Every structure is written in C-alpha cells, then in structure tokens.
>>> print(open('input-v3.cif').read())   # mmCIF, C-alpha atoms
data_protein
loop_
_atom_site.group_PDB
_atom_site.id
_atom_site.type_symbol
_atom_site.label_atom_id
_atom_site.label_comp_id
_atom_site.auth_asym_id
_atom_site.auth_seq_id
_atom_site.Cartn_x
_atom_site.Cartn_y
_atom_site.Cartn_z
ATOM 1 C CA MET A 1 -25.122 3.773 48.965
ATOM 2 C CA GLU A 2 -21.643 2.276 48.797
ATOM 3 C CA ASP A 3 -22.422 0.545 45.499
ATOM 4 C CA SER A 4 -23.680 3.857 44.102
ATOM 5 C CA GLY A 5 -20.433 5.571 45.110
ATOM 6 C CA ASN A 6 -18.382 2.842 43.445
ATOM 7 C CA THR A 7 -20.449 3.219 40.293
ATOM 8 C CA ARG A 8 -19.923 6.972 40.196
ATOM 9 C CA THR A 9 -16.178 6.521 40.713
ATOM 10 C CA TRP A 10 -15.988 3.958 37.916
ATOM 11 C CA ARG A 11 -17.873 6.249 35.550
ATOM 12 C CA GLU A 12 -15.661 9.190 36.402
ATOM 13 C CA VAL A 13 -12.490 7.191 35.711
ATOM 14 C CA VAL A 14 -13.804 5.957 32.373
ATOM 15 C CA PHE A 15 -14.969 9.463 31.473
ATOM 16 C CA THR A 16 -11.524 10.897 32.256
ATOM 17 C CA TRP A 17 -9.753 8.340 30.082
ATOM 18 C CA LEU A 18 -12.194 8.841 27.226
ATOM 19 C CA MET A 19 -11.702 12.613 27.409
ATOM 20 C CA LEU A 20 -7.926 12.147 27.309
ATOM 21 C CA ALA A 21 -8.183 9.808 24.301
ATOM 22 C CA LEU A 22 -10.464 12.242 22.496
ATOM 23 C CA VAL A 23 -8.285 15.294 23.163
ATOM 24 C CA LEU A 24 -5.106 13.524 22.017
ATOM 25 C CA THR A 25 -6.837 12.260 18.874
ATOM 26 C CA VAL A 26 -8.165 15.740 18.112
ATOM 27 C CA ILE A 27 -4.643 17.182 18.449
ATOM 28 C CA ALA A 28 -3.258 14.513 16.112
ATOM 29 C CA THR A 29 -6.109 15.169 13.685
ATOM 30 C CA LEU A 30 -5.360 18.893 13.622
ATOM 31 C CA CYS A 31 -1.750 18.029 12.751
ATOM 32 C CA THR A 32 -2.966 16.089 9.712
ATOM 33 C CA PHE A 33 -4.426 19.265 8.214
ATOM 34 C CA ALA A 34 -0.925 20.797 8.268
ATOM 35 C CA ALA A 35 0.803 17.712 6.880
ATOM 36 C CA ALA A 36 2.054 19.509 3.779
ATOM 37 C CA LEU A 37 3.961 22.061 5.843
ATOM 38 C CA HIS A 38 6.653 19.821 7.314
ATOM 39 C CA PRO A 39 7.741 16.141 7.154
ATOM 40 C CA THR A 40 7.234 15.728 10.905
ATOM 41 C CA LEU A 41 3.627 16.881 10.613
ATOM 42 C CA GLU A 42 3.169 14.559 7.637
ATOM 43 C CA LEU A 43 3.819 11.582 9.919
ATOM 44 C CA SER A 44 0.513 12.323 11.645
ATOM 45 C CA VAL A 45 -1.578 11.483 8.562
ATOM 46 C CA HIS A 46 -0.491 7.862 8.423
ATOM 47 C CA PHE A 47 -2.498 6.715 11.455
ATOM 48 C CA LYS A 48 -5.971 7.575 10.230
ATOM 49 C CA VAL A 49 -7.249 4.058 10.934
ATOM 50 C CA ALA A 50 -6.147 4.382 14.569
ATOM 51 C CA TYR A 51 -7.871 7.783 14.786
ATOM 52 C CA TRP A 52 -11.044 6.216 13.369
ATOM 53 C CA TRP A 53 -11.040 3.504 16.018
ATOM 54 C CA ALA A 54 -10.382 6.101 18.722
ATOM 55 C CA GLY A 55 -13.325 8.139 17.441
ATOM 56 C CA LEU A 56 -15.573 5.074 17.448
ATOM 57 C CA LEU A 57 -14.500 4.042 20.958
ATOM 58 C CA CYS A 58 -15.062 7.542 22.316
ATOM 59 C CA THR A 59 -18.457 7.883 20.610
ATOM 60 C CA VAL A 60 -19.717 4.599 22.021
ATOM 61 C CA GLY A 61 -18.146 5.216 25.424
ATOM 62 C CA PHE A 62 -19.634 8.687 25.852
ATOM 63 C CA CYS A 63 -23.036 7.386 24.724
ATOM 64 C CA VAL A 64 -22.898 4.635 27.365
ATOM 65 C CA LEU A 65 -22.030 7.269 29.960
ATOM 66 C CA LYS A 66 -24.804 9.534 28.565
ATOM 67 C CA ARG A 67 -22.343 12.375 28.047
ATOM 68 C CA TRP A 68 -24.115 13.575 24.935
ATOM 69 C CA VAL A 69 -22.083 16.705 24.180
ATOM 70 C CA TRP A 70 -18.841 14.735 24.333
ATOM 71 C CA ALA A 71 -20.436 11.962 22.297
ATOM 72 C CA GLY A 72 -21.329 14.526 19.634
ATOM 73 C CA LEU A 73 -17.742 15.809 19.499
ATOM 74 C CA ALA A 74 -16.456 12.244 19.186
ATOM 75 C CA LEU A 75 -18.949 11.568 16.396
ATOM 76 C CA VAL A 76 -17.636 14.584 14.469
ATOM 77 C CA LEU A 77 -14.118 13.174 14.819
ATOM 78 C CA LEU A 78 -15.310 9.747 13.683
ATOM 79 C CA THR A 79 -17.008 11.285 10.655
ATOM 80 C CA ILE A 80 -13.895 13.217 9.642
ATOM 81 C CA HIS A 81 -11.809 10.065 9.520
ATOM 82 C CA SER A 82 -14.571 7.954 7.973
ATOM 83 C CA VAL A 83 -14.380 10.230 4.924
ATOM 84 C CA GLY A 84 -10.807 9.045 4.372
ATOM 85 C CA ILE A 85 -11.463 5.351 5.025
ATOM 86 C CA LEU A 86 -14.906 4.271 3.815
ATOM 87 C CA PRO A 87 -14.301 5.118 0.104
ATOM 88 C CA TRP A 88 -11.695 2.340 -0.014
ATOM 89 C CA TYR A 89 -14.559 -0.137 0.359
ATOM 90 C CA ILE A 90 -16.420 1.287 -2.659
ATOM 91 C CA PRO A 91 -15.451 -0.359 -5.988
ATOM 92 C CA ARG A 92 -14.086 1.687 -8.860
ATOM 93 C CA ASP A 93 -16.655 3.081 -11.228
ATOM 94 C CA VAL A 94 -15.617 0.923 -14.182
ATOM 95 C CA GLU A 95 -17.541 -1.549 -16.270
ATOM 96 C CA VAL A 96 -16.294 -5.092 -15.677
ATOM 97 C CA PRO A 97 -17.474 -7.662 -18.232
ATOM 98 C CA ALA A 98 -19.090 -10.776 -16.786
ATOM 99 C CA ASN A 99 -17.026 -13.940 -16.291
ATOM 100 C CA LEU A 100 -13.748 -12.063 -16.705
ATOM 101 C CA SER A 101 -10.707 -14.087 -15.684
ATOM 102 C CA PRO A 102 -7.396 -12.624 -14.488
ATOM 103 C CA ASN A 103 -4.497 -12.772 -16.911
ATOM 104 C CA LEU A 104 -1.867 -11.390 -14.527
ATOM 105 C CA THR A 105 -1.427 -12.155 -10.824
ATOM 106 C CA ILE A 106 1.152 -10.197 -8.832
ATOM 107 C CA LEU A 107 2.518 -10.902 -5.379
ATOM 108 C CA CYS A 108 4.307 -7.962 -3.769
ATOM 109 C CA ALA A 109 6.096 -8.334 -0.435
ATOM 110 C CA ASN A 110 8.663 -6.678 1.755
ATOM 111 C CA VAL A 111 10.232 -9.903 2.994
ATOM 112 C CA LEU A 112 12.408 -8.293 5.736
ATOM 113 C CA SER A 113 16.145 -8.683 5.315
ATOM 114 C CA THR A 114 16.445 -10.295 8.778
ATOM 115 C CA ASN A 115 13.421 -12.597 8.404
ATOM 116 C CA LYS A 116 13.815 -15.558 10.777
ATOM 117 C CA SER A 117 11.223 -17.644 8.927
ATOM 118 C CA PRO A 118 12.060 -17.243 5.215
ATOM 119 C CA GLU A 119 10.495 -20.604 4.459
ATOM 120 C CA LYS A 120 7.100 -18.964 5.081
ATOM 121 C CA VAL A 121 7.728 -16.566 2.207
ATOM 122 C CA ILE A 122 8.819 -19.345 -0.151
ATOM 123 C CA SER A 123 5.862 -21.529 0.829
ATOM 124 C CA TYR A 124 3.404 -18.675 0.322
ATOM 125 C CA ILE A 125 4.768 -17.927 -3.149
ATOM 126 C CA ARG A 126 4.442 -21.608 -4.091
ATOM 127 C CA ASP A 127 0.880 -21.702 -2.760
ATOM 128 C CA ILE A 128 -0.244 -18.570 -4.612
ATOM 129 C CA GLN A 129 1.773 -19.243 -7.799
ATOM 130 C CA PRO A 130 1.640 -15.639 -9.007
ATOM 131 C CA ASP A 131 2.854 -14.665 -12.459
ATOM 132 C CA LEU A 132 5.076 -11.913 -11.062
ATOM 133 C CA VAL A 133 6.795 -11.788 -7.667
ATOM 134 C CA LEU A 134 8.087 -8.392 -6.532
ATOM 135 C CA LEU A 135 10.188 -8.519 -3.360
ATOM 136 C CA GLN A 136 11.811 -5.795 -1.282
ATOM 137 C CA GLU A 137 14.503 -5.978 1.444
ATOM 138 C CA VAL A 138 16.314 -8.746 -0.392
ATOM 139 C CA SER A 139 19.667 -9.353 1.314
ATOM 140 C CA PRO A 140 22.494 -11.518 -0.105
ATOM 141 C CA GLU A 141 21.204 -14.382 2.068
ATOM 142 C CA TRP A 142 17.859 -14.213 0.289
ATOM 143 C CA VAL A 143 19.504 -14.949 -3.067
ATOM 144 C CA THR A 144 20.337 -18.488 -1.962
ATOM 145 C CA LEU A 145 16.872 -18.970 -0.507
ATOM 146 C CA LEU A 146 15.138 -17.838 -3.695
ATOM 147 C CA GLN A 147 17.279 -19.849 -6.100
ATOM 148 C CA PRO A 148 15.264 -23.125 -5.890
ATOM 149 C CA LEU A 149 12.117 -21.136 -6.620
ATOM 150 C CA ILE A 150 13.788 -19.497 -9.609
ATOM 151 C CA ASP A 151 15.066 -22.832 -10.912
ATOM 152 C CA SER A 152 11.688 -24.562 -10.662
ATOM 153 C CA ASP A 153 9.066 -21.926 -11.466
ATOM 154 C CA TYR A 154 10.478 -18.496 -12.314
ATOM 155 C CA PRO A 155 13.001 -18.673 -15.159
ATOM 156 C CA TYR A 156 12.898 -14.898 -15.716
ATOM 157 C CA SER A 157 14.409 -13.099 -12.752
ATOM 158 C CA LYS A 158 16.388 -10.053 -11.738
ATOM 159 C CA LEU A 159 17.963 -9.817 -8.314
ATOM 160 C CA GLU A 160 19.709 -6.817 -6.833
ATOM 161 C CA PRO A 161 20.558 -7.851 -3.257
ATOM 162 C CA GLN A 162 21.972 -5.344 -0.790
ATOM 163 C CA SER A 163 23.328 -5.687 2.712
ATOM 164 C CA ASP A 164 20.994 -2.916 3.932
ATOM 165 C CA ASN A 165 17.195 -2.988 3.747
ATOM 166 C CA PHE A 166 16.888 -1.924 0.110
ATOM 167 C CA GLY A 167 17.765 -4.959 -1.968
ATOM 168 C CA MET A 168 15.206 -5.990 -4.592
ATOM 169 C CA ALA A 169 14.137 -9.033 -6.568
ATOM 170 C CA THR A 170 11.633 -9.531 -9.373
ATOM 171 C CA LEU A 171 10.705 -13.043 -10.499
ATOM 172 C CA SER A 172 8.473 -13.904 -13.444
ATOM 173 C CA ARG A 173 6.994 -17.154 -14.678
ATOM 174 C CA VAL A 174 5.773 -15.452 -17.868
ATOM 175 C CA PRO A 175 8.193 -14.365 -20.612
ATOM 176 C CA VAL A 176 9.568 -10.841 -20.346
ATOM 177 C CA SER A 177 11.205 -8.673 -22.971
ATOM 178 C CA SER A 178 13.611 -7.005 -20.534
ATOM 179 C CA MET A 179 14.560 -6.528 -16.893
ATOM 180 C CA HIS A 180 16.665 -3.528 -15.914
ATOM 181 C CA ILE A 181 17.970 -1.858 -12.777
ATOM 182 C CA LEU A 182 17.079 1.826 -12.559
ATOM 183 C CA ALA A 183 18.531 4.279 -10.045
ATOM 184 C CA PRO A 184 16.099 7.183 -9.725
ATOM 185 C CA VAL A 185 17.176 10.659 -8.618
ATOM 186 C CA SER A 186 19.904 11.044 -6.010
ATOM 187 C CA SER A 187 19.175 7.798 -4.202
ATOM 188 C CA ALA A 188 21.289 4.665 -4.467
ATOM 189 C CA ILE A 189 18.176 2.550 -3.892
ATOM 190 C CA PRO A 190 17.570 0.408 -6.972
ATOM 191 C CA VAL A 191 14.308 0.040 -8.849
ATOM 192 C CA ILE A 192 13.732 -3.040 -11.005
ATOM 193 C CA GLU A 193 11.950 -2.368 -14.270
ATOM 194 C CA THR A 194 10.314 -5.320 -16.026
ATOM 195 C CA LYS A 195 8.825 -5.041 -19.493
ATOM 196 C CA LEU A 196 6.522 -7.707 -20.865
ATOM 197 C CA GLU A 197 3.477 -8.199 -23.041
ATOM 198 C CA ILE A 198 0.109 -9.380 -21.749
ATOM 199 C CA ASN A 199 -2.903 -9.842 -24.027
ATOM 200 C CA GLY A 200 -1.142 -7.930 -26.768
ATOM 201 C CA ARG A 201 -0.439 -4.938 -24.509
ATOM 202 C CA ALA A 202 3.024 -3.614 -23.648
ATOM 203 C CA LEU A 203 3.350 -3.460 -19.874
ATOM 204 C CA SER A 204 6.006 -1.804 -17.703
ATOM 205 C CA VAL A 205 6.245 -3.010 -14.091
ATOM 206 C CA LEU A 206 8.352 -1.233 -11.484
ATOM 207 C CA ASN A 207 9.472 -2.893 -8.242
ATOM 208 C CA PHE A 208 9.698 0.167 -6.007
ATOM 209 C CA HIS A 209 10.942 0.847 -2.458
ATOM 210 C CA PRO A 210 11.618 4.466 -1.465
ATOM 211 C CA LEU A 211 13.182 5.506 1.830
ATOM 212 C CA PRO A 212 11.146 5.657 5.037
ATOM 213 C CA PRO A 213 10.398 9.222 6.200
ATOM 214 C CA GLY A 214 11.911 8.831 9.663
ATOM 215 C CA ARG A 215 13.824 12.128 9.453
ATOM 216 C CA PRO A 216 13.134 15.239 7.366
ATOM 217 C CA ALA A 217 16.157 14.565 5.121
ATOM 218 C CA MET A 218 14.950 11.005 4.478
ATOM 219 C CA ALA A 219 11.423 12.250 3.839
ATOM 220 C CA ASP A 220 12.792 14.649 1.217
ATOM 221 C CA LEU A 221 14.598 11.782 -0.525
ATOM 222 C CA ARG A 222 11.468 9.634 -0.403
ATOM 223 C CA ASN A 223 9.491 12.453 -1.974
ATOM 224 C CA GLU A 224 12.094 12.780 -4.730
ATOM 225 C CA GLN A 225 11.645 9.094 -5.460
ATOM 226 C CA LEU A 226 7.856 9.460 -5.538
ATOM 227 C CA ASP A 227 8.218 12.449 -7.880
ATOM 228 C CA TYR A 228 10.319 10.288 -10.214
ATOM 229 C CA LEU A 229 7.281 8.186 -11.076
ATOM 230 C CA GLY A 230 5.323 10.909 -12.891
ATOM 231 C CA PRO A 231 7.827 11.514 -15.709
ATOM 232 C CA TYR A 232 8.601 7.793 -15.908
ATOM 233 C CA ILE A 233 4.951 6.778 -16.409
ATOM 234 C CA THR A 234 4.464 9.549 -18.978
ATOM 235 C CA GLU A 235 7.284 8.123 -21.094
ATOM 236 C CA GLN A 236 5.834 4.605 -21.266
ATOM 237 C CA SER A 237 4.281 3.465 -24.524
ATOM 238 C CA ASP A 238 1.254 1.721 -23.018
ATOM 239 C CA LEU A 239 0.292 0.392 -19.568
ATOM 240 C CA SER A 240 2.196 0.601 -16.291
ATOM 241 C CA ILE A 241 2.208 -0.957 -12.826
ATOM 242 C CA VAL A 242 4.220 0.254 -9.843
ATOM 243 C CA ALA A 243 4.326 -1.951 -6.757
ATOM 244 C CA GLY A 244 6.269 -2.140 -3.543
ATOM 245 C CA ASP A 245 6.774 -0.742 -0.076
ATOM 246 C CA PHE A 246 6.168 2.967 -0.726
ATOM 247 C CA ASN A 247 6.686 4.061 2.889
ATOM 248 C CA VAL A 248 3.695 6.369 2.498
ATOM 249 C CA THR A 249 -0.022 5.986 3.174
ATOM 250 C CA PRO A 250 -2.879 7.109 0.902
ATOM 251 C CA TRP A 251 -3.596 10.108 3.157
ATOM 252 C CA SER A 252 -0.253 11.804 2.624
ATOM 253 C CA PRO A 253 -0.190 14.923 0.420
ATOM 254 C CA ASN A 254 2.909 13.438 -1.221
ATOM 255 C CA TYR A 255 0.911 10.334 -2.150
ATOM 256 C CA ASP A 256 -1.826 12.546 -3.612
ATOM 257 C CA SER A 257 0.716 14.415 -5.737
ATOM 258 C CA MET A 258 2.247 11.168 -6.965
ATOM 259 C CA LEU A 259 -1.129 9.736 -7.963
ATOM 260 C CA GLU A 260 -2.106 12.920 -9.771
ATOM 261 C CA GLU A 261 1.178 13.078 -11.698
ATOM 262 C CA THR A 262 1.186 9.418 -12.712
ATOM 263 C CA GLY A 263 -2.529 8.993 -13.466
ATOM 264 C CA LEU A 264 -2.383 5.548 -11.830
ATOM 265 C CA TYR A 265 -4.919 4.174 -9.370
ATOM 266 C CA ASN A 266 -4.465 2.088 -6.236
ATOM 267 C CA THR A 267 -5.655 -1.462 -6.899
ATOM 268 C CA ARG A 268 -6.881 -1.860 -3.297
ATOM 269 C CA LYS A 269 -9.765 0.466 -4.217
ATOM 270 C CA GLY A 270 -12.960 -1.469 -3.498
ATOM 271 C CA PHE A 271 -11.195 -4.114 -1.408
ATOM 272 C CA GLY A 272 -10.758 -2.190 1.829
ATOM 273 C CA MET A 273 -7.756 -0.824 3.671
ATOM 274 C CA LEU A 274 -5.617 -3.997 3.436
ATOM 275 C CA LEU A 275 -3.314 -2.855 6.239
ATOM 276 C CA THR A 276 0.220 -4.156 5.787
ATOM 277 C CA TRP A 277 2.531 -2.690 8.469
ATOM 278 C CA PRO A 278 3.706 -3.288 11.207
ATOM 279 C CA LYS A 279 2.774 -6.300 13.340
ATOM 280 C CA PRO A 280 -0.184 -6.239 13.938
ATOM 281 C CA PRO A 281 -0.785 -4.227 10.761
ATOM 282 C CA ILE A 282 -2.160 -0.750 11.439
ATOM 283 C CA ILE A 283 -1.286 1.290 8.333
ATOM 284 C CA PRO A 284 -1.214 0.649 4.550
ATOM 285 C CA ILE A 285 2.226 1.555 3.171
ATOM 286 C CA ASP A 286 2.552 -1.237 0.598
ATOM 287 C CA HIS A 287 0.759 -0.491 -2.661
ATOM 288 C CA ILE A 288 0.160 -1.806 -6.155
ATOM 289 C CA LEU A 289 -0.683 1.034 -8.546
ATOM 290 C CA ALA A 290 -1.911 0.455 -12.087
ATOM 291 C CA SER A 291 -2.969 2.275 -15.239
ATOM 292 C CA PRO A 292 -6.731 3.003 -15.277
ATOM 293 C CA ALA A 293 -7.306 0.612 -18.191
ATOM 294 C CA ILE A 294 -6.167 -2.316 -16.024
ATOM 295 C CA ILE A 295 -9.028 -3.965 -14.129
ATOM 296 C CA THR A 296 -8.569 -5.302 -10.601
ATOM 297 C CA LEU A 297 -10.602 -8.484 -10.131
ATOM 298 C CA ASP A 298 -9.455 -9.390 -6.625
ATOM 299 C CA MET A 299 -6.955 -8.222 -4.044
ATOM 300 C CA GLN A 300 -5.988 -9.367 -0.585
ATOM 301 C CA ALA A 301 -3.380 -8.905 2.103
ATOM 302 C CA GLY A 302 -1.559 -12.137 2.833
ATOM 303 C CA PRO A 303 -0.744 -13.787 6.166
ATOM 304 C CA ASN A 304 2.214 -13.286 8.457
ATOM 305 C CA VAL A 305 5.240 -14.592 6.543
ATOM 306 C CA GLY A 306 7.862 -13.733 9.151
ATOM 307 C CA SER A 307 8.249 -10.142 7.977
ATOM 308 C CA ASP A 308 7.041 -6.922 9.592
ATOM 309 C CA HIS A 309 4.969 -6.418 6.417
ATOM 310 C CA ARG A 310 2.048 -8.424 5.087
ATOM 311 C CA PRO A 311 2.270 -9.323 1.378
ATOM 312 C CA LEU A 312 -0.238 -8.074 -1.168
ATOM 313 C CA VAL A 313 -1.692 -10.283 -3.891
ATOM 314 C CA VAL A 314 -3.683 -8.826 -6.757
ATOM 315 C CA GLU A 315 -5.449 -10.477 -9.681
ATOM 316 C CA LEU A 316 -5.588 -8.220 -12.711
ATOM 317 C CA TYR A 317 -7.099 -8.258 -16.154
ATOM 318 C CA ILE A 318 -5.027 -6.573 -18.848
ATOM 319 C CA PRO A 319 -7.493 -5.726 -21.631
ATOM 320 C CA PRO A 320 -6.567 -5.954 -25.301
ATOM 321 C CA LYS A 321 -6.102 -2.752 -27.212
ATOM 322 C CA ALA A 322 -9.333 -1.375 -28.548
ATOM 323 C CA GLU A 323 -9.709 -1.647 -32.270
ATOM 324 C CA PRO A 324 -9.271 1.740 -33.916
ATOM 325 C CA SER A 325 -12.471 3.224 -35.267
ATOM 326 C CA PRO A 326 -12.746 2.946 -39.029
ATOM 327 C CA THR A 327 -12.055 6.142 -40.922
ATOM 328 C CA PRO A 328 -15.198 7.269 -42.742
ATOM 329 C CA GLU A 329 -14.904 7.280 -46.500
ATOM 330 C CA ASP A 330 -15.153 10.561 -48.359
#
>>> encode(input="input-v3.cif", output="structure tokens")
Amino acid sequence: MEDSGNTRTWREVVFTWLMLALVLTVIATLCTFAAALHPTLELSVHFKVAYWWAGLLCTVGFCVLKRWVWAGLALVLLTIHSVGILPWYIPRDVEVPANLSPNLTILCANVLSTNKSPEKVISYIRDIQPDLVLLQEVSPEWVTLLQPLIDSDYPYSKLEPQSDNFGMATLSRVPVSSMHILAPVSSAIPVIETKLEINGRALSVLNFHPLPPGRPAMADLRNEQLDYLGPYITEQSDLSIVAGDFNVTPWSPNYDSMLEETGLYNTRKGFGMLLTWPKPPIIPIDHILASPAIITLDMQAGPNVGSDHRPLVVELYIPPKAEPSPTPED
C-alpha cells in the first residue's frame, strides 16, 4: 500500500507540473496571435520552437499519465506550432537541374564584438573558404584580426568597425564592381552593399544588422530598417541577397511584411530551422534572403565560434539570364 501511495504522489506532482507548463505555454501562444498590436507582444512569437517542445512534452506526459483530455489539449497546442515549424523542412517548389554545382558560397556570422575566441572565427572561415564573408558586430579590434585573412584570401573587402555592437565587414574572394556603406532610415547602423557579377548576372548583396527589439522604441527602429529593404530591392537591376543578424524570427508579422515587400525568400527553406541564437541556440534570427531565381543547393548552421550566434553557410547557384524568346516574323 505504501508503494501505491508513493506512486500516486509522484503522478500528482508530475501532473501538476505538466498542467503548469501547458497553461503557461497556452498563455504565451495567445500572445502570439496579438503580436502585431504591440512590440512587447511581438516578442512572444520568437519562441515558437520552445512552445513546440513544450507541447510535445505535455502531450507525451499526459498520455503516460493517461490524462486523455489534457493530452488532447496539449496535442492541439503542438499542432498549432507544428504548422509554423514543419514547412521549413519542406524544400522549395522549384525545379533544380541535376548535377548542379554552387557558384556562390556565403558565410554570414555575428562574430560578437567581445568574442574571447576570435581564432575560432578565422579558422572556420579558412576551413569553409566561402566566396563572400558577411560579418556583424565587428569592433576595431576585429580589424587587426581579420587583416591576415584579407591579405591572403580576400582582396576585396569593406570594413566599417564600430565600438558598439553594430560594426560590419564584408570580405570577397571574387571580384566585385563596388562596395559601399549605406545608412538606411534614421539609424546610424551601417549596411554594406556589395555589387558583383556571377554567371553573367548582376548581383547586389547587403550585409544587414538592424537593432534588437528590446524596447518598443528600438523595435520601431528595427522595423524601419526592415521596411527599408522593400524599396531597395525594387530598385535593383537584377538579383539580390540580404544576409545578417536580422533580430527577428520568421514568425514575426514584421518579418512577413518584409518578405512580402521584397519578394525574397529565406534560403533555409527546406533545410530546417537552423537555430542560431543564443547559446544553446533556440531561435532563428540570422537569415540569408535571396531573389526567387537564385537556387539554394545546401545550407547549414555552423559550430560554436565563440560568439552568442552560430554562423550560417549557404551554397547557391546563380542561374544565367534566360535567352529572350525570338520575335516572330511578320
């Protein structure tokens, strides 16, 4: 009888904790549906992966306890968040020719201005040997650290170091036609624009790092920076790529607006969530967006390089321009 009492007590404790986890996750989930109303509510949308795991844990836990009504409620919660996560594992509906090889590899990383192990970043870049390296949080100290890499492998470079967390650097091993510093909207945060030609196509690449939305005023500035991308992409003559630490996840209404205005797609589509922040990574706020004509052949999140972000590496194929259809003769 004593063992039976202990078992009942154990089950009751587990049931109580599962109920608490489910209720808190439901409250957070309800906040996500009002994310467009206020920047504070928008913060709730970023943790969808955590809500998914909570839903899974509660579903399994209630099933083990044979609390079927609660298990059903948890399953509904799990389903709601699965709708926002599982599509990232489904490849884009585009035709990819067989035996296609990448002609542009990009490494994008927030290196952390106070990184205590910068040699990990340098070593990773040398191992991957990407064509373009887009770095955020480049402090003046990083300039010295990157110089040997520039001298040996990346003759085309533009560095805009800052003493805060918003310095930038773009390095290229392939020839570029121009590299410029842009200052979008009212923010003093620089954006590095690189123009080059790949496979006969003009390509504009932005190294991008808007403000984090920690306070409503900062969220408004971040949204202004995201809104800047739509008109910019529209003005470009051909293809575009925007990469960096966006400080926004794919479930934010502001992200949705940005994607709709630019017409770009997220290159992680088909390769999973690729969580990048913080340690251990729990949300995807680093992105590489590309024009629909650009084909993503492979993408991965890199290892811990001493930063609070994981780098992203993407292998792309820039297609040649389609031949114009012949004009029929009269």
>>> resolve_selection(input="input-v3.cif", expression="the PyMOL selection byres ((chain A and resi 268) around 9)", output="ChimeraX atom specification")
/A:88-89,265-267,269-274,287-289,296,298-300,314
>>> closest_atom_pairs(input="input-v3.cif", of="region 22-51 of chain A", to="region 75-84 of chain A", cutoff="9 Å", atoms="only C-alpha atoms", output="tab-separated table")
residue	atom	partner	partner_atom	distance
A:Leu22	CA	A:Leu77	CA	8.6
A:Thr25	CA	A:Leu77	CA	8.4
A:Val26	CA	A:Leu77	CA	7.3
A:Thr29	CA	A:Leu77	CA	8.3
A:Lys48	CA	A:His81	CA	6.4
A:Val49	CA	A:His81	CA	7.7
A:Tyr51	CA	A:His81	CA	7.0
>>> closest_residue(input="input-v3.cif", among="A:Val176, A:Ile318, A:Gln225, A:Pro284", to="Gly200 (chain A)", atoms="all atoms listed in the file")
A:Ile318
>>> atom_distance(input="input-v3.cif", atom1="CA of Arg310 (chain A)", atom2="CA of Leu146 (chain A)")
18.4 Å
>>> resolve_selection(input="input-v3.cif", expression="the PyMOL selection byres ((chain A and resi 168) around 8)", output="list in words")
Leu134, Leu135, Gln136, Glu137, Val138, Leu159, Glu160, Pro161, Gln162, Phe166, Gly167, Ala169, Thr170, Pro190, Val191, Ile192 and Asn207 of chain A
>>> write_last_selection(input="input-v3.cif", atoms="C-alpha atoms", output="CSV table (one decimal), in the frame of the given file")
chain,number,residue,atom,x,y,z
A,134,LEU,CA,8.1,-8.4,-6.5
A,135,LEU,CA,10.2,-8.5,-3.4
A,136,GLN,CA,11.8,-5.8,-1.3
A,137,GLU,CA,14.5,-6.0,1.4
A,138,VAL,CA,16.3,-8.7,-0.4
A,159,LEU,CA,18.0,-9.8,-8.3
A,160,GLU,CA,19.7,-6.8,-6.8
A,161,PRO,CA,20.6,-7.9,-3.3
A,162,GLN,CA,22.0,-5.3,-0.8
A,166,PHE,CA,16.9,-1.9,0.1
A,167,GLY,CA,17.8,-5.0,-2.0
A,169,ALA,CA,14.1,-9.0,-6.6
A,170,THR,CA,11.6,-9.5,-9.4
A,190,PRO,CA,17.6,0.4,-7.0
A,191,VAL,CA,14.3,0.0,-8.8
A,192,ILE,CA,13.7,-3.0,-11.0
A,207,ASN,CA,9.5,-2.9,-8.2
>>> closest_residue(input="input-v3.cif", among="A:Tyr232, A:Arg215, A:Ile85, A:Asn223", to="Leu182 (chain A)", atoms="only C-alpha atoms")
A:Tyr232
>>> resolve_selection(input="input-v3.cif", expression="the PyMOL selection byres ((chain A and resi 306) around 9)", output="list of chain:residue names")
A:Val111, A:Leu112, A:Asn115, A:Lys116, A:Ser117, A:Pro118, A:Glu119, A:Lys120, A:Val121, A:Asn304, A:Val305, A:Ser307, A:Asp308, A:His309, A:Arg310
>>> residues_around(input="input-v3.cif", residues="Val133 (chain A)", least_positions_apart="2", cutoff="12 Å", atoms="all atoms listed in the file", output="ChimeraX atom specification")
/A:104-111,121-122,124-126,128-131,135-136,146,149-150,153-159,168-174,192,194,205-207,243-244,311-314
>>> atom_distance(input="input-v3.cif", atom1="CA of Phe62 (chain A)", atom2="CA of Phe47 (chain A)")
22.5 Å
>>> atom_distance(input="input-v3.cif", atom1="CA of Asn165 (chain A)", atom2="CA of Ser113 (chain A)")
6.0 Å
>>> closest_residue(input="input-v3.cif", among="A:Trp68, A:Trp52, A:Ile241, A:His46", to="Trp277 (chain A)", atoms="all atoms listed in the file")
A:His46
>>> axis_aligned_box(input="input-v3.cif", around="region 108-117 of chain A", padding_each_side="6 Å", output="AutoDock Vina command-line options")
--center_x 10.4 --center_y -12.2 --center_z 3.5 --size_x 24.1 --size_y 23.0 --size_z 26.5
>>> closest_residue(input="input-v3.cif", among="A:Val64, A:Thr234, A:Glu193, A:Leu37", to="Ile181 (chain A)", atoms="all atoms listed in the file")
A:Glu193
>>> residues_around(input="input-v3.cif", residues="Pro250 (chain A)", least_positions_apart="2", cutoff="8 Å", atoms="only C-alpha atoms", output="PyMOL selection string")
chain A and resi 46+248+252+255-256+284-285
>>> write_last_selection(input="input-v3.cif", atoms="C-alpha atoms", output="compact mmCIF listing (two decimals), keeping the file's coordinate frame")
# COMPACT_ATOMS: atom_id res chain seq x y z
CA HIS A 46 -0.49 7.86 8.42
CA VAL A 248 3.70 6.37 2.50
CA SER A 252 -0.25 11.80 2.62
CA TYR A 255 0.91 10.33 -2.15
CA ASP A 256 -1.83 12.55 -3.61
CA PRO A 284 -1.21 0.65 4.55
CA ILE A 285 2.23 1.56 3.17
>>> closest_residue(input="input-v3.cif", among="A:Ala188, A:Ile233, A:Leu239, A:Leu226", to="Leu203 (chain A)", atoms="all atoms listed in the file")
A:Leu239
>>> closest_residue(input="input-v3.cif", among="A:Val60, A:Ala50, A:Val185, A:Ala322", to="Gly72 (chain A)", atoms="all atoms listed in the file")
A:Val60
>>> build_atoms(input="input-v3.cif", residues="region 280-286 of chain A", atoms="N, CA and C atoms", output="compact mmCIF listing (two decimals), in the frame of the given file")
# COMPACT_ATOMS: atom_id res chain seq x y z
N PRO A 280 0.86 -5.96 14.93
CA PRO A 280 -0.18 -6.24 13.94
C PRO A 280 -0.31 -5.06 12.97
N PRO A 281 -0.75 -5.31 11.75
CA PRO A 281 -0.78 -4.23 10.76
C PRO A 281 -1.76 -3.13 11.16
N ILE A 282 -1.30 -1.87 11.09
CA ILE A 282 -2.16 -0.75 11.44
C ILE A 282 -2.18 0.32 10.37
N ILE A 283 -1.26 0.29 9.40
CA ILE A 283 -1.29 1.29 8.33
C ILE A 283 -0.98 0.62 6.99
N PRO A 284 -1.50 1.19 5.89
CA PRO A 284 -1.21 0.65 4.55
C PRO A 284 -0.09 1.44 3.87
N ILE A 285 1.12 0.87 3.85
CA ILE A 285 2.23 1.56 3.17
C ILE A 285 2.74 0.76 1.97
N ASP A 286 2.21 -0.43 1.78
CA ASP A 286 2.55 -1.24 0.60
C ASP A 286 1.41 -1.07 -0.40
